[in-house]
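start.csv (CSV, C-alpha atoms)
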chain,number,residue,atom,x,y,z
G,1,ALA,CA,0.0,0.0,0.0
G,2,ILE,CA,2.8,2.4,0.8
G,3,SER,CA,4.6,1.7,-2.4
G,4,SER,CA,1.5,2.5,-4.4
G,5,LEU,CA,1.2,5.9,-2.5
G,6,ASP,CA,4.8,6.9,-3.0
G,7,THR,CA,3.9,9.9,-5.2
G,8,VAL,CA,1.3,11.1,-2.7
G,9,ILE,CA,3.6,10.7,0.2
G,10,THR,CA,6.4,12.5,-1.6
G,11,LEU,CA,4.0,15.5,-2.4
G,12,LEU,CA,2.9,15.6,1.3
G,13,VAL,CA,6.5,15.6,2.5
G,14,VAL,CA,7.6,18.3,0.1
G,15,SER,CA,4.6,20.4,1.0
G,16,PHE,CA,5.3,20.0,4.7
G,17,PHE,CA,8.9,21.0,4.2
G,18,LEU,CA,7.8,24.0,2.2
G,19,THR,CA,5.4,24.9,4.9
G,20,LEU,CA,8.2,24.7,7.5
G,21,ALA,CA,10.3,26.9,5.4
G,22,LEU,CA,7.6,29.6,5.0
G,23,ASN,CA,6.2,29.4,8.6
G,24,PRO,CA,9.0,31.6,10.1
G,25,VAL,CA,8.2,34.4,7.6
G,26,VAL,CA,4.5,34.1,8.6
G,27,GLU,CA,5.5,34.1,12.3
G,28,VAL,CA,7.5,37.3,11.7
G,29,LEU,CA,4.5,39.0,10.1
G,30,VAL,CA,2.3,37.8,12.9
G,31,ARG,CA,4.7,39.2,15.5
G,32,ARG,CA,4.6,42.6,13.7
G,33,GLY,CA,0.8,42.8,14.2
G,34,MET,CA,-0.7,41.2,11.2
G,35,SER,CA,-3.1,38.3,11.8
G,36,ARG,CA,-2.3,34.8,10.6
G,37,GLY,CA,-4.7,34.8,7.6
G,38,PRO,CA,-3.3,37.9,5.9
G,39,SER,CA,0.2,36.8,6.8
G,40,VAL,CA,-0.3,33.5,5.0
G,41,THR,CA,-1.9,35.3,2.1
G,42,VAL,CA,1.1,37.6,1.7
G,43,VAL,CA,3.7,34.9,2.0
G,44,PHE,CA,1.8,32.5,-0.3
G,45,GLY,CA,1.3,35.2,-2.9
G,46,PHE,CA,5.0,35.9,-2.8
G,47,LEU,CA,5.6,32.1,-3.2
G,48,VAL,CA,3.3,32.0,-6.3
G,49,LEU,CA,5.1,35.0,-7.7
G,50,VAL,CA,8.5,33.3,-7.3
G,51,PHE,CA,7.1,30.2,-9.1
G,52,VAL,CA,5.8,32.3,-12.0
G,53,LEU,CA,9.0,34.3,-12.3
G,54,PHE,CA,11.0,31.0,-12.3
G,55,GLY,CA,8.8,29.8,-15.1
G,56,PHE,CA,9.4,33.0,-17.1
G,57,VAL,CA,13.2,32.9,-16.4
G,58,VAL,CA,13.7,29.2,-17.2
G,59,GLY,CA,11.0,28.6,-19.9
G,60,PRO,CA,12.2,30.9,-22.8
G,61,PRO,CA,15.9,29.8,-22.7
G,62,VAL,CA,14.9,26.1,-22.7
G,63,THR,CA,12.6,26.6,-25.6
G,64,GLN,CA,15.1,28.7,-27.5
G,65,GLN,CA,18.0,26.2,-26.9
G,66,GLY,CA,15.8,23.3,-27.8
G,67,THR,CA,14.7,24.9,-31.1
G,68,GLU,CA,18.4,25.8,-31.9
G,69,LEU,CA,19.4,22.2,-31.2
G,70,ALA,CA,16.7,20.9,-33.5
G,71,ASN,CA,17.6,23.4,-36.2
G,72,ASN,CA,21.4,22.8,-36.0
G,73,ALA,CA,21.2,19.0,-35.6
G,74,PRO,CA,21.9,18.3,-39.4
G,75,ALA,CA,25.0,20.6,-39.2
G,76,TYR,CA,26.2,18.8,-36.1
G,77,LEU,CA,25.7,15.4,-37.7
G,78,ASP,CA,27.5,16.6,-40.8
G,79,GLN,CA,30.5,17.7,-38.7
G,80,LEU,CA,30.4,14.4,-36.9
G,81,LEU,CA,30.5,12.5,-40.2
G,82,ARG,CA,33.5,14.6,-41.5
G,83,ASN,CA,35.5,13.5,-38.4
G,84,PRO,CA,38.7,11.8,-39.7
G,85,ARG,CA,38.6,9.0,-37.1
G,86,LEU,CA,35.0,8.2,-37.9
G,87,GLN,CA,35.7,8.2,-41.6
G,88,GLU,CA,38.6,5.8,-41.0
G,89,LEU,CA,36.3,3.6,-38.9
G,90,ASP,CA,33.7,3.7,-41.6
G,91,GLN,CA,36.2,2.6,-44.2
G,92,HIS,CA,37.1,-0.5,-42.2
G,93,SER,CA,33.7,-1.6,-41.0
G,94,GLN,CA,31.0,0.3,-43.0
G,95,VAL,CA,29.4,1.7,-39.9
G,96,PHE,CA,27.6,4.5,-41.7
G,97,ALA,CA,26.1,2.2,-44.3
G,98,LYS,CA,24.8,-0.1,-41.5
G,99,LEU,CA,23.4,2.8,-39.6
G,100,GLN,CA,21.7,4.2,-42.7
G,101,ASP,CA,20.1,0.7,-43.4
G,102,GLU,CA,18.9,0.4,-39.8
G,103,PHE,CA,17.5,3.9,-39.9
G,104,SER,CA,15.6,3.1,-43.1
G,105,LYS,CA,14.2,-0.1,-41.7
G,106,ARG,CA,13.0,1.7,-38.5
G,107,ILE,CA,11.4,4.6,-40.4
G,108,THR,CA,9.3,2.1,-42.6
G,109,ASP,CA,8.4,-0.1,-39.6
G,110,GLY,CA,5.0,0.8,-38.2
G,111,THR,CA,5.8,-0.3,-34.6
G,112,PHE,CA,8.7,2.0,-34.4
G,113,MET,CA,6.6,5.0,-35.4
G,114,SER,CA,3.9,4.0,-32.9
G,115,GLN,CA,6.7,3.9,-30.2
G,116,VAL,CA,7.8,7.4,-31.2
G,117,ALA,CA,4.2,8.6,-31.0
G,118,GLY,CA,3.9,6.9,-27.6
G,119,GLY,CA,7.1,8.6,-26.5
G,120,VAL,CA,5.7,12.0,-27.5
G,121,LEU,CA,2.5,11.3,-25.6
G,122,GLY,CA,4.5,10.0,-22.7
G,123,ALA,CA,6.5,13.2,-22.6
G,124,GLY,CA,3.3,15.2,-22.6
G,125,ARG,CA,2.0,13.1,-19.8
G,126,VAL,CA,5.2,13.7,-17.8
G,127,ILE,CA,4.9,17.5,-18.3
G,128,ALA,CA,1.2,17.4,-17.3
G,129,SER,CA,2.1,15.3,-14.2
G,130,GLY,CA,4.8,17.8,-13.3
G,131,ILE,CA,2.4,20.8,-13.5
G,132,PHE,CA,-0.2,18.9,-11.5
G,133,SER,CA,2.3,17.9,-8.9
G,134,THR,CA,3.5,21.6,-8.6
G,135,LEU,CA,-0.1,22.8,-8.2
G,136,THR,CA,-0.7,20.0,-5.6
G,137,VAL,CA,2.3,21.0,-3.6
G,138,LEU,CA,1.3,24.7,-3.7
G,139,VAL,CA,-2.3,23.9,-2.5
G,140,LEU,CA,-1.1,21.5,0.2
G,141,SER,CA,1.5,24.1,1.4
G,142,LEU,CA,-1.2,26.7,1.6
G,143,TYR,CA,-3.4,24.4,3.6
G,144,PHE,CA,-0.6,23.4,6.0
G,145,LEU,CA,0.6,26.9,6.4
G,146,SER,CA,-2.8,28.3,7.2
G,147,SER,CA,-3.7,25.5,9.6
G,148,LEU,CA,-0.2,24.8,11.1
G,149,PRO,CA,-1.1,26.0,14.7
G,150,ALA,CA,-4.2,23.8,14.8
G,151,LEU,CA,-2.3,20.8,13.3
G,152,LYS,CA,0.4,21.2,15.9
G,153,GLN,CA,-2.1,21.4,18.8
G,154,ALA,CA,-3.8,18.3,17.5
G,155,ALA,CA,-0.5,16.5,17.4
G,156,TYR,CA,0.4,17.7,20.8
G,157,ALA,CA,-2.9,16.5,22.3
G,158,VAL,CA,-2.1,12.9,21.3
G,159,VAL,CA,1.0,12.9,23.5
G,160,PRO,CA,0.6,11.9,27.1
G,161,ALA,CA,0.2,14.9,29.4
G,162,SER,CA,3.3,13.9,31.5
G,163,ARG,CA,5.5,14.1,28.4
G,164,ARG,CA,3.8,16.9,26.6
G,165,PRO,CA,6.0,19.9,27.6
G,166,ARG,CA,9.2,18.1,26.6
G,167,PHE,CA,7.6,16.9,23.3
G,168,ILE,CA,6.3,20.4,22.5
G,169,SER,CA,9.8,21.9,23.2
G,170,LEU,CA,11.6,19.3,21.1
G,171,SER,CA,9.0,19.6,18.3
G,172,GLU,CA,9.2,23.3,18.1
G,173,GLU,CA,13.0,23.3,18.0
G,174,ILE,CA,13.0,20.6,15.3
G,175,MET,CA,10.5,22.6,13.2
G,176,ARG,CA,12.4,25.7,13.7
G,177,ARG,CA,15.7,24.1,12.6
G,178,ILE,CA,14.1,22.4,9.6
G,179,GLY,CA,12.5,25.7,8.6
G,180,SER,CA,15.9,27.5,8.9
G,181,TYR,CA,17.6,24.8,6.8
G,182,ALA,CA,14.9,25.0,4.1
G,183,ILE,CA,15.1,28.8,4.0
G,184,GLY,CA,18.9,28.5,3.7
G,185,GLN,CA,18.5,26.1,0.8
G,186,VAL,CA,16.0,28.4,-0.9
G,187,VAL,CA,18.6,31.3,-0.6
G,188,VAL,CA,21.4,29.1,-2.0
G,189,ALA,CA,19.1,28.0,-4.9
G,190,THR,CA,18.2,31.6,-5.6
G,191,VAL,CA,21.8,32.7,-5.6
G,192,ASN,CA,22.7,29.8,-7.9

Can you give me the file's structure in the form of structure tokens?
Amino acid sequence: AISSLDTVITLLVVSFFLTLALNPVVEVLVRRGMSRGPSVTVVFGFLVLVFVLFGFVVGPPVTQQGTELANNAPAYLDQLLRNPRLQELDQHSQVFAKLQDEFSKRITDGTFMSQVAGGVLGAGRVIASGIFSTLTVLVLSLYFLSSLPALKQAAYAVVPASRRPRFISLSEEIMRRIGSYAIGQVVVATVN
């Protein structure tokens, strides 16, 4: 059962770590007089803005470079075929002729073309899954961030009363450290 839920568990863990990274910022805004709801809204709006800016920064270069690679592929192949070592290898073992024959067979084979179409559809499915996972992480993070105090109180209520103060102290310290680590990683990633 756990192995079939690996994607869901991964999304939950990522959302929880993102929540722990954003919670210190929400707590700072709460300490400065803003209530938790508007604080979460401001921080989450900033997070969405960062995701959108990341898409605008990364998307165009990837598209441009992919197009350039596709346009220049014949020239790259021509340069490769003019390589003296490859020409010498071809004279001894007829590698290029064998590759050309195999390519011709594959192009005329219907199963190969269906595999290529399946690969294109598979790539589209991976992209759609990535977008869906990103939206899921954002929604779960918003939920966890807005209800974190209630979630913590519910978790603390499960612990026996005799051990509760120590458990609360350790849990708060662990969450603070994880949040600090995650914020540090976000800063490093931003600088990179």

Subject >> Counting only C-alpha atoms, the residue of G:Val57, G:Leu138, G:Ala75, G:Val26 that sits nearest Leu11 in chain G >> reply: G:Leu138

Original post:
Quick one: distance from CA of Ser180 in chain G to CA of Ala21 in chain G in Å, one decimal?
Top reply: 6.6 Å

Subject >> Ser169 in chain G surroundings by all atoms listed in the file, 12 Å radius, close-in-sequence under 6 positions cut, as a list in words >> reply: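 Selected residues are Lys152, Tyr156, Arg163, Met175 and Arg176 of chain G.
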
**OP:** Please measure the separation of CA of Leu47 in chain G and CA of Asn23 in chain G, giving the value in Å to one decimal.
**Re:**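 Computing it gives 12.1 Å between the two atoms.
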
**OP:** Show which residues sit within 10 Å of Phe16 in chain G, as a list in words. Count all atoms listed in the file, and ignore same-chain residues fewer than 6 positions away.
**Re:** Thr10, Leu22, Val137, Leu140, Ser141, Leu142, Tyr143, Phe144, Leu145, Leu148 and Gly179 of chain G

Could range 129-152 of chain G be completed with N, CA, C and O atoms and returned as a PDB file, in the coordinates of the input?
ATOM      1  N   SER G 129       1.914  15.840 -15.612  1.00  0.00           N
ATOM      2  CA  SER G 129       2.100  15.300 -14.200  1.00  0.00           C
ATOM      3  C   SER G 129       2.905  16.294 -13.405  1.00  0.00           C
ATOM      4  O   SER G 129       2.608  16.525 -12.222  1.00  0.00           O
ATOM      5  N   GLY G 130       3.960  16.861 -13.992  1.00  0.00           N
ATOM      6  CA  GLY G 130       4.800  17.800 -13.300  1.00  0.00           C
ATOM      7  C   GLY G 130       4.022  19.080 -12.896  1.00  0.00           C
ATOM      8  O   GLY G 130       4.146  19.588 -11.779  1.00  0.00           O
ATOM      9  N   ILE G 131       3.211  19.574 -13.827  1.00  0.00           N
ATOM     10  CA  ILE G 131       2.400  20.800 -13.500  1.00  0.00           C
ATOM     11  C   ILE G 131       1.386  20.444 -12.439  1.00  0.00           C
ATOM     12  O   ILE G 131       1.197  21.223 -11.494  1.00  0.00           O
ATOM     13  N   PHE G 132       0.741  19.275 -12.548  1.00  0.00           N
ATOM     14  CA  PHE G 132      -0.200  18.900 -11.500  1.00  0.00           C
ATOM     15  C   PHE G 132       0.427  18.709 -10.168  1.00  0.00           C
ATOM     16  O   PHE G 132      -0.122  19.137  -9.149  1.00  0.00           O
ATOM     17  N   SER G 133       1.610  18.117 -10.134  1.00  0.00           N
ATOM     18  CA  SER G 133       2.300  17.900  -8.900  1.00  0.00           C
ATOM     19  C   SER G 133       2.702  19.275  -8.252  1.00  0.00           C
ATOM     20  O   SER G 133       2.591  19.473  -7.036  1.00  0.00           O
ATOM     21  N   THR G 134       3.137  20.218  -9.082  1.00  0.00           N
ATOM     22  CA  THR G 134       3.500  21.600  -8.600  1.00  0.00           C
ATOM     23  C   THR G 134       2.270  22.242  -7.983  1.00  0.00           C
ATOM     24  O   THR G 134       2.349  22.821  -6.890  1.00  0.00           O
ATOM     25  N   LEU G 135       1.147  22.177  -8.681  1.00  0.00           N
ATOM     26  CA  LEU G 135      -0.100  22.800  -8.200  1.00  0.00           C
ATOM     27  C   LEU G 135      -0.526  22.089  -6.870  1.00  0.00           C
ATOM     28  O   LEU G 135      -0.980  22.762  -5.928  1.00  0.00           O
ATOM     29  N   THR G 136      -0.374  20.775  -6.811  1.00  0.00           N
ATOM     30  CA  THR G 136      -0.700  20.000  -5.600  1.00  0.00           C
ATOM     31  C   THR G 136       0.127  20.464  -4.424  1.00  0.00           C
ATOM     32  O   THR G 136      -0.376  20.683  -3.318  1.00  0.00           O
ATOM     33  N   VAL G 137       1.428  20.592  -4.653  1.00  0.00           N
ATOM     34  CA  VAL G 137       2.300  21.000  -3.600  1.00  0.00           C
ATOM     35  C   VAL G 137       1.957  22.433  -3.117  1.00  0.00           C
ATOM     36  O   VAL G 137       1.933  22.714  -1.910  1.00  0.00           O
ATOM     37  N   LEU G 138       1.635  23.313  -4.048  1.00  0.00           N
ATOM     38  CA  LEU G 138       1.300  24.700  -3.700  1.00  0.00           C
ATOM     39  C   LEU G 138      -0.033  24.688  -2.831  1.00  0.00           C
ATOM     40  O   LEU G 138      -0.118  25.376  -1.806  1.00  0.00           O
ATOM     41  N   VAL G 139      -1.030  23.920  -3.254  1.00  0.00           N
ATOM     42  CA  VAL G 139      -2.300  23.900  -2.500  1.00  0.00           C
ATOM     43  C   VAL G 139      -2.109  23.268  -1.140  1.00  0.00           C
ATOM     44  O   VAL G 139      -2.614  23.790  -0.132  1.00  0.00           O
ATOM     45  N   LEU G 140      -1.373  22.155  -1.067  1.00  0.00           N
ATOM     46  CA  LEU G 140      -1.100  21.500   0.200  1.00  0.00           C
ATOM     47  C   LEU G 140      -0.317  22.437   1.147  1.00  0.00           C
ATOM     48  O   LEU G 140      -0.576  22.509   2.352  1.00  0.00           O
ATOM     49  N   SER G 141       0.667  23.134   0.579  1.00  0.00           N
ATOM     50  CA  SER G 141       1.500  24.100   1.400  1.00  0.00           C
ATOM     51  C   SER G 141       0.592  25.191   1.932  1.00  0.00           C
ATOM     52  O   SER G 141       0.740  25.588   3.096  1.00  0.00           O
ATOM     53  N   LEU G 142      -0.315  25.700   1.115  1.00  0.00           N
ATOM     54  CA  LEU G 142      -1.200  26.700   1.600  1.00  0.00           C
ATOM     55  C   LEU G 142      -2.102  26.206   2.723  1.00  0.00           C
ATOM     56  O   LEU G 142      -2.270  26.880   3.741  1.00  0.00           O
ATOM     57  N   TYR G 143      -2.617  25.008   2.562  1.00  0.00           N
ATOM     58  CA  TYR G 143      -3.400  24.400   3.600  1.00  0.00           C
ATOM     59  C   TYR G 143      -2.622  24.210   4.890  1.00  0.00           C
ATOM     60  O   TYR G 143      -3.052  24.588   5.988  1.00  0.00           O
ATOM     61  N   PHE G 144      -1.437  23.599   4.770  1.00  0.00           N
ATOM     62  CA  PHE G 144      -0.600  23.400   6.000  1.00  0.00           C
ATOM     63  C   PHE G 144      -0.194  24.660   6.613  1.00  0.00           C
ATOM     64  O   PHE G 144      -0.183  24.771   7.839  1.00  0.00           O
ATOM     65  N   LEU G 145       0.137  25.658   5.817  1.00  0.00           N
ATOM     66  CA  LEU G 145       0.600  26.900   6.400  1.00  0.00           C
ATOM     67  C   LEU G 145      -0.527  27.647   7.109  1.00  0.00           C
ATOM     68  O   LEU G 145      -0.308  28.207   8.180  1.00  0.00           O
ATOM     69  N   SER G 146      -1.725  27.603   6.549  1.00  0.00           N
ATOM     70  CA  SER G 146      -2.800  28.300   7.200  1.00  0.00           C
ATOM     71  C   SER G 146      -3.315  27.571   8.458  1.00  0.00           C
ATOM     72  O   SER G 146      -3.801  28.201   9.396  1.00  0.00           O
ATOM     73  N   SER G 147      -3.175  26.251   8.487  1.00  0.00           N
ATOM     74  CA  SER G 147      -3.700  25.500   9.600  1.00  0.00           C
ATOM     75  C   SER G 147      -2.583  24.904  10.491  1.00  0.00           C
ATOM     76  O   SER G 147      -2.855  24.008  11.298  1.00  0.00           O
ATOM     77  N   LEU G 148      -1.360  25.383  10.372  1.00  0.00           N
ATOM     78  CA  LEU G 148      -0.200  24.800  11.100  1.00  0.00           C
ATOM     79  C   LEU G 148      -0.440  24.872  12.640  1.00  0.00           C
ATOM     80  O   LEU G 148      -0.201  23.872  13.323  1.00  0.00           O
ATOM     81  N   PRO G 149      -0.892  25.991  13.209  1.00  0.00           N
ATOM     82  CA  PRO G 149      -1.100  26.000  14.700  1.00  0.00           C
ATOM     83  C   PRO G 149      -2.104  24.940  15.123  1.00  0.00           C
ATOM     84  O   PRO G 149      -1.880  24.252  16.127  1.00  0.00           O
ATOM     85  N   ALA G 150      -3.192  24.776  14.392  1.00  0.00           N
ATOM     86  CA  ALA G 150      -4.200  23.800  14.800  1.00  0.00           C
ATOM     87  C   ALA G 150      -3.654  22.358  14.583  1.00  0.00           C
ATOM     88  O   ALA G 150      -3.921  21.473  15.410  1.00  0.00           O
ATOM     89  N   LEU G 151      -2.880  22.133  13.523  1.00  0.00           N
ATOM     90  CA  LEU G 151      -2.300  20.800  13.300  1.00  0.00           C
ATOM     91  C   LEU G 151      -1.295  20.482  14.431  1.00  0.00           C
ATOM     92  O   LEU G 151      -1.265  19.347  14.925  1.00  0.00           O
ATOM     93  N   LYS G 152      -0.505  21.480  14.845  1.00  0.00           N
ATOM     94  CA  LYS G 152       0.400  21.200  15.900  1.00  0.00           C
ATOM     95  C   LYS G 152      -0.290  20.934  17.235  1.00  0.00           C
ATOM     96  O   LYS G 152       0.086  20.013  17.952  1.00  0.00           O
TER      97      LYS G 152
END
